[in-house]
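structure-v6.pdb (PDB, C-alpha atoms and all ligand atoms) appears below.
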```
ATOM      1  CA  MET A   1      74.499  82.357 330.678
ATOM      2  CA  LYS A   2      72.977  84.808 328.210
ATOM      3  CA  VAL A   3      74.332  88.345 328.222
ATOM      4  CA  ILE A   4      73.398  91.524 326.369
ATOM      5  CA  VAL A   5      75.875  94.215 325.342
ATOM      6  CA  VAL A   6      74.236  97.635 325.008
ATOM      7  CA  ASP A   7      76.327 100.351 323.340
ATOM      8  CA  ASP A   8      75.753 102.758 320.457
ATOM      9  CA  SER A   9      79.291 102.100 319.176
ATOM     10  CA  SER A  10      79.507  98.931 317.106
ATOM     11  CA  THR A  11      83.276  98.940 317.652
ATOM     12  CA  MET A  12      82.819  99.013 321.419
ATOM     13  CA  ARG A  13      80.186  96.273 321.247
ATOM     14  CA  ARG A  14      82.652  94.137 319.318
ATOM     15  CA  ILE A  15      85.441  94.804 321.845
ATOM     16  CA  ILE A  16      83.199  93.878 324.775
ATOM     17  CA  LYS A  17      81.857  90.808 322.964
ATOM     18  CA  ASN A  18      85.356  89.595 322.100
ATOM     19  CA  THR A  19      86.498  90.120 325.672
ATOM     20  CA  LEU A  20      83.484  88.247 327.032
ATOM     21  CA  ALA A  21      84.096  85.428 324.568
ATOM     22  CA  ARG A  22      87.667  85.107 325.852
ATOM     23  CA  LEU A  23      86.227  84.809 329.350
ATOM     24  CA  GLY A  24      83.960  81.983 328.224
ATOM     25  CA  TYR A  25      80.704  83.814 327.564
ATOM     26  CA  THR A  26      79.410  82.931 324.127
ATOM     27  CA  ASP A  27      75.645  83.511 324.343
ATOM     28  CA  ILE A  28      75.781  87.230 323.617
ATOM     29  CA  ILE A  29      73.209  89.519 322.043
ATOM     30  CA  GLU A  30      73.558  93.233 321.247
ATOM     31  CA  ALA A  31      71.514  96.398 321.389
ATOM     32  CA  GLU A  32      72.309  99.924 320.186
ATOM     33  CA  HIS A  33      70.662 101.821 323.040
ATOM     34  CA  GLY A  34      68.368 101.409 326.017
ATOM     35  CA  LEU A  35      65.099 101.384 324.087
ATOM     36  CA  ASP A  36      66.434  98.734 321.746
ATOM     37  CA  ALA A  37      67.668  96.666 324.700
ATOM     38  CA  LEU A  38      64.340  96.807 326.550
ATOM     39  CA  THR A  39      62.801  94.739 323.738
ATOM     40  CA  LYS A  40      65.527  92.082 324.003
ATOM     41  CA  LEU A  41      65.744  91.235 327.708
ATOM     42  CA  ASP A  42      63.838  87.948 327.767
ATOM     43  CA  GLY A  43      66.144  85.231 329.096
ATOM     44  CA  VAL A  44      69.038  87.633 329.662
ATOM     45  CA  ASP A  45      71.155  86.828 332.756
ATOM     46  CA  MET A  46      73.512  89.810 332.745
ATOM     47  CA  ILE A  47      73.553  93.275 331.173
ATOM     48  CA  PHE A  48      76.565  95.309 330.066
ATOM     49  CA  THR A  49      75.542  98.850 329.224
ATOM     50  CA  ASP A  50      77.157 102.040 328.039
ATOM     51  CA  TRP A  51      76.119 105.344 329.621
ATOM     52  CA  ASN A  52      76.021 107.808 326.697
ATOM     53  CA  MET A  53      73.672 106.577 323.970
ATOM     54  CA  PRO A  54      70.957 108.091 321.758
ATOM     55  CA  GLU A  55      67.234 107.323 322.203
ATOM     56  CA  MET A  56      67.680 106.064 325.769
ATOM     57  CA  ASP A  57      70.891 106.573 327.755
ATOM     58  CA  GLY A  58      72.321 103.979 330.111
ATOM     59  CA  LEU A  59      71.179 105.625 333.317
ATOM     60  CA  THR A  60      67.553 105.850 332.148
ATOM     61  CA  PHE A  61      67.833 102.261 330.914
ATOM     62  CA  VAL A  62      69.064 101.083 334.319
ATOM     63  CA  LYS A  63      66.276 102.904 336.143
ATOM     64  CA  SER A  64      63.607 101.396 333.891
ATOM     65  CA  ILE A  65      65.002  97.906 334.452
ATOM     66  CA  ARG A  66      65.060  98.382 338.216
ATOM     67  CA  SER A  67      61.407  99.444 338.164
ATOM     68  CA  SER A  68      60.361  96.499 335.982
ATOM     69  CA  ASP A  69      58.806  93.479 337.679
ATOM     70  CA  SER A  70      60.204  91.087 335.089
ATOM     71  CA  TYR A  71      63.779  92.320 334.844
ATOM     72  CA  LYS A  72      64.647  94.144 338.051
ATOM     73  CA  LYS A  73      66.938  91.402 339.386
ATOM     74  CA  ILE A  74      69.200  91.117 336.340
ATOM     75  CA  PRO A  75      72.787  92.122 337.272
ATOM     76  CA  ILE A  76      73.966  95.237 335.422
ATOM     77  CA  ILE A  77      77.553  96.277 334.749
ATOM     78  CA  MET A  78      78.017  99.755 333.332
ATOM     79  CA  VAL A  79      80.896 100.154 330.872
ATOM     80  CA  THR A  80      81.632 103.809 330.230
ATOM     81  CA  THR A  81      84.131 106.629 329.923
ATOM     82  CA  GLU A  82      82.290 108.567 332.639
ATOM     83  CA  ALA A  83      84.808 107.972 335.395
ATOM     84  CA  ALA A  84      84.131 110.854 337.766
ATOM     85  CA  LYS A  85      83.401 109.745 341.303
ATOM     86  CA  GLU A  86      79.970 111.425 341.332
ATOM     87  CA  ASP A  87      79.051 109.651 338.084
ATOM     88  CA  ILE A  88      79.923 106.287 339.588
ATOM     89  CA  VAL A  89      77.920 107.087 342.715
ATOM     90  CA  GLU A  90      74.930 108.151 340.609
ATOM     91  CA  ALA A  91      75.106 104.956 338.563
ATOM     92  CA  ILE A  92      75.295 102.753 341.668
ATOM     93  CA  GLN A  93      72.400 104.623 343.255
ATOM     94  CA  SER A  94      70.386 104.050 340.087
ATOM     95  CA  GLY A  95      70.849 100.294 340.422
ATOM     96  CA  VAL A  96      74.071  99.414 338.622
ATOM     97  CA  ASN A  97      75.824  96.436 340.291
ATOM     98  CA  ASN A  98      79.299  97.267 339.072
ATOM     99  CA  TYR A  99      81.199  99.726 336.947
ATOM    100  CA  VAL A 100      83.945  99.384 334.322
ATOM    101  CA  VAL A 101      85.785 102.408 332.957
ATOM    102  CA  LYS A 102      86.853 102.345 329.278
ATOM    103  CA  PRO A 103      89.398 101.359 328.221
ATOM    104  CA  PHE A 104      89.479  98.141 330.239
ATOM    105  CA  THR A 105      91.505  94.934 330.255
ATOM    106  CA  PRO A 106      90.039  91.405 330.164
ATOM    107  CA  ASP A 107      91.248  90.937 333.755
ATOM    108  CA  ILE A 108      89.332  93.993 334.936
ATOM    109  CA  LEU A 109      86.148  92.843 333.218
ATOM    110  CA  LYS A 110      86.579  89.356 334.680
ATOM    111  CA  SER A 111      87.004  90.640 338.229
ATOM    112  CA  LYS A 112      83.969  92.933 337.927
ATOM    113  CA  ILE A 113      81.816  90.051 336.666
ATOM    114  CA  GLU A 114      83.011  87.757 339.452
ATOM    115  CA  ALA A 115      82.284  90.423 342.056
ATOM    116  CA  VAL A 116      78.709  90.704 340.778
ATOM    117  CA  LEU A 117      78.114  86.948 340.509
ATOM    118  CA  ASN A 118      79.543  86.207 343.964
ATOM    119  CA  ARG A 119      77.437  88.785 345.668
TER     120      ARG A 119
HETATM  121 MG    MG B 201      78.132 105.650 323.791
END
```

Please rewrite the model in this file as structure tokens.
Amino acid sequence: MKVIVVDDSSTMRRIIKNTLARLGYTDIIEAEHGLDALTKLDGVDMIFTDWNMPEMDGLTFVKSIRSSDSYKKIPIIMVTTEAAKEDIVEAIQSGVNNYVVKPFTPDILKSKIEAVLNR
């Protein structure tokens, strides 16, 4: 399973990558923001995206994926500090499959991934 980690923070990308590796995911690519990620989606099976990023933020990224014929079915997990209830609702309405609030534990990430894959 190939996954992409989209975040403008290289530190956060490393944290997410390391956590995913511990969970058994090793085919991981990275992007710095939504525009960057849109050029890297071929063969990707799951997307982890930040919300606040330059160039193209996570919400705009999610909406463009959901309106793309090629990529609209890829599961998306948003990983962000935006934890207000209305933010979560907005993200879900935009097409996010699940939501992880930073900081997170490996167990939380695991359960969110399983919830998406078992759907
Ligand atoms: Mg960010």

(message) Restricting the calculation to all atoms listed in the file: of A:Val96, A:Ala37, A:Met56, A:Ala84, which residue gets closest to ligand MG 201 (chain B)?
(response) A:Met56

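Across the structure, CA of Lys17 (chain A) and CA of Pro106 (chain A) are spaced 10.9 Å apart.
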
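Near Ser64 (chain A), within a cut-off of 12 Å and counting all atoms listed in the file, sit the residues Gly34, Leu35, Ala37, Leu38, Met56, Asp57, Gly58, Leu59, Thr60, Phe61, Ser67, Ser68, Asp69, Ser70, Tyr71, Lys72, Lys73, Ile74, Ser94, Gly95 and Val96 of chain A, with same-chain residues fewer than 3 positions away left out.
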
(request) Give as JSON, numbers by chain the residues that the PyMOL selection byres (((chain A and resi 39) around 12) and not hetatm) matches when applied to the coordinates above. (result) {"A": [4, 6, 29, 30, 31, 32, 33, 34, 35, 36, 37, 38, 40, 41, 42, 43, 44, 61, 65, 71]}

Give me the residues within 12 Å of Ile88 (chain A) as a short mmCIF file (atom, residue, chain, number, x, y, z; two decimals) with C-alpha atoms, in the coordinates of the input, counting only C-alpha atoms and dropping any in the same chain fewer than 2 places off.
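Output below, filename around.cif:
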```cif
data_model
loop_
_atom_site.label_atom_id
_atom_site.label_comp_id
_atom_site.auth_asym_id
_atom_site.auth_seq_id
_atom_site.Cartn_x
_atom_site.Cartn_y
_atom_site.Cartn_z
CA TRP A 51 76.12 105.34 329.62
CA LEU A 59 71.18 105.62 333.32
CA ILE A 77 77.55 96.28 334.75
CA MET A 78 78.02 99.76 333.33
CA VAL A 79 80.90 100.15 330.87
CA THR A 80 81.63 103.81 330.23
CA THR A 81 84.13 106.63 329.92
CA GLU A 82 82.29 108.57 332.64
CA ALA A 83 84.81 107.97 335.40
CA ALA A 84 84.13 110.85 337.77
CA LYS A 85 83.40 109.74 341.30
CA GLU A 86 79.97 111.42 341.33
CA GLU A 90 74.93 108.15 340.61
CA ALA A 91 75.11 104.96 338.56
CA ILE A 92 75.30 102.75 341.67
CA GLN A 93 72.40 104.62 343.26
CA SER A 94 70.39 104.05 340.09
CA GLY A 95 70.85 100.29 340.42
CA VAL A 96 74.07 99.41 338.62
CA ASN A 97 75.82 96.44 340.29
CA ASN A 98 79.30 97.27 339.07
CA TYR A 99 81.20 99.73 336.95
CA VAL A 100 83.94 99.38 334.32
CA VAL A 101 85.78 102.41 332.96
#
```

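Near ligand MG 201 (chain B), at a distance of at most 7 Å and with only C-alpha atoms and all ligand atoms counted, sit the residues A:Asp7, A:Asp8, A:Ser9, A:Asp50, A:Trp51, A:Asn52, A:Met53.
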
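With all atoms listed in the file as the basis for measurement, A:Ile47 is the residue among A:Ile113, A:Ile108, A:Ile76, A:Ile47 that approaches Lys2 (chain A) most closely.
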
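Separating CA of Arg119 (chain A) from CA of Arg13 (chain A) is a distance of 25.7 Å.
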
(request) Give me, please, the distance in Å between CA of Ile28 (chain A) and CA of Val3 (chain A), quoted to one decimal. (result) 5.0 Å

(request) Go through A:Ser111, A:Glu55, A:Asn118, A:Thr11 one by one, measure the shortest atom-to-atom distance of each to Leu23 (chain A) using all atoms listed in the file, and give the residue with the smallest value. (result) A:Ser111

Would you place a box with edges along x, y and z of the file around all atoms of region 52-63 of chain A listed there, add 6 Å to each of its six sides, and report the centre and edge lengths in Å to one decimal, as JSON?
```
{"center_x": 71.1, "center_y": 104.6, "center_z": 329.0, "size_x": 21.7, "size_y": 19.0, "size_z": 26.4}
```

Please return region 34-66 of chain A, rebuilt to N, CA and C atoms, as a compact mmCIF listing (two decimals), keeping the file's coordinate frame.
```txt
# COMPACT_ATOMS: atom_id res chain seq x y z
N GLY A 34 69.26 101.95 325.01
CA GLY A 34 68.37 101.41 326.02
C GLY A 34 67.02 100.95 325.49
N LEU A 35 66.42 101.75 324.62
CA LEU A 35 65.10 101.38 324.09
C LEU A 35 65.17 100.08 323.32
N ASP A 36 66.21 99.96 322.51
CA ASP A 36 66.43 98.73 321.75
C ASP A 36 66.59 97.55 322.71
N ALA A 37 67.39 97.75 323.75
CA ALA A 37 67.67 96.67 324.70
C ALA A 37 66.42 96.22 325.45
N LEU A 38 65.53 97.16 325.77
CA LEU A 38 64.34 96.81 326.55
C LEU A 38 63.47 95.79 325.82
N THR A 39 63.59 95.71 324.51
CA THR A 39 62.80 94.74 323.74
C THR A 39 63.50 93.38 323.64
N LYS A 40 64.71 93.28 324.21
CA LYS A 40 65.53 92.08 324.00
C LYS A 40 65.93 91.39 325.30
N LEU A 41 65.27 91.70 326.40
CA LEU A 41 65.74 91.24 327.71
C LEU A 41 65.25 89.85 328.12
N ASP A 42 64.34 89.26 327.37
CA ASP A 42 63.84 87.95 327.77
C ASP A 42 64.96 86.92 327.81
N GLY A 43 65.14 86.27 328.96
CA GLY A 43 66.14 85.23 329.10
C GLY A 43 67.55 85.73 329.35
N VAL A 44 67.70 87.06 329.44
CA VAL A 44 69.04 87.63 329.66
C VAL A 44 69.42 87.49 331.14
N ASP A 45 70.67 87.05 331.39
CA ASP A 45 71.16 86.83 332.76
C ASP A 45 72.07 87.93 333.26
N MET A 46 72.64 88.71 332.32
CA MET A 46 73.51 89.81 332.74
C MET A 46 73.54 90.88 331.66
N ILE A 47 73.60 92.15 332.10
CA ILE A 47 73.55 93.28 331.17
C ILE A 47 74.85 94.08 331.29
N PHE A 48 75.45 94.37 330.13
CA PHE A 48 76.56 95.31 330.07
C PHE A 48 76.07 96.52 329.29
N THR A 49 76.07 97.69 329.92
CA THR A 49 75.54 98.85 329.22
C THR A 49 76.46 100.05 329.29
N ASP A 50 76.52 100.74 328.17
CA ASP A 50 77.16 102.04 328.04
C ASP A 50 76.32 103.07 328.80
N TRP A 51 76.88 104.25 329.00
CA TRP A 51 76.12 105.34 329.62
C TRP A 51 75.54 106.26 328.53
N ASN A 52 76.44 106.82 327.70
CA ASN A 52 76.02 107.81 326.70
C ASN A 52 75.57 107.12 325.42
N MET A 53 74.26 107.20 325.17
CA MET A 53 73.67 106.58 323.97
C MET A 53 72.48 107.42 323.53
N PRO A 54 72.16 107.40 322.23
CA PRO A 54 70.96 108.09 321.76
C PRO A 54 69.70 107.32 322.17
N GLU A 55 68.55 107.95 321.96
CA GLU A 55 67.23 107.32 322.20
C GLU A 55 66.97 107.09 323.69
N MET A 56 67.78 106.24 324.32
CA MET A 56 67.68 106.06 325.77
C MET A 56 69.07 105.81 326.32
N ASP A 57 69.54 106.70 327.20
CA ASP A 57 70.89 106.57 327.76
C ASP A 57 70.92 105.46 328.81
N GLY A 58 72.14 105.11 329.21
CA GLY A 58 72.32 103.98 330.11
C GLY A 58 71.68 104.17 331.47
N LEU A 59 71.74 105.38 331.99
CA LEU A 59 71.18 105.62 333.32
C LEU A 59 69.66 105.46 333.31
N THR A 60 69.00 106.00 332.28
CA THR A 60 67.55 105.85 332.15
C THR A 60 67.20 104.38 331.94
N PHE A 61 68.02 103.70 331.16
CA PHE A 61 67.83 102.26 330.91
C PHE A 61 67.89 101.48 332.23
N VAL A 62 68.90 101.77 333.03
CA VAL A 62 69.06 101.08 334.32
C VAL A 62 67.85 101.33 335.22
N LYS A 63 67.42 102.58 335.28
CA LYS A 63 66.28 102.90 336.14
C LYS A 63 65.01 102.19 335.67
N SER A 64 64.83 102.07 334.36
CA SER A 64 63.61 101.40 333.89
C SER A 64 63.67 99.90 334.16
N ILE A 65 64.87 99.33 334.10
CA ILE A 65 65.00 97.91 334.45
C ILE A 65 64.69 97.69 335.93
N ARG A 66 65.24 98.55 336.77
CA ARG A 66 65.06 98.38 338.22
C ARG A 66 63.62 98.62 338.65
```
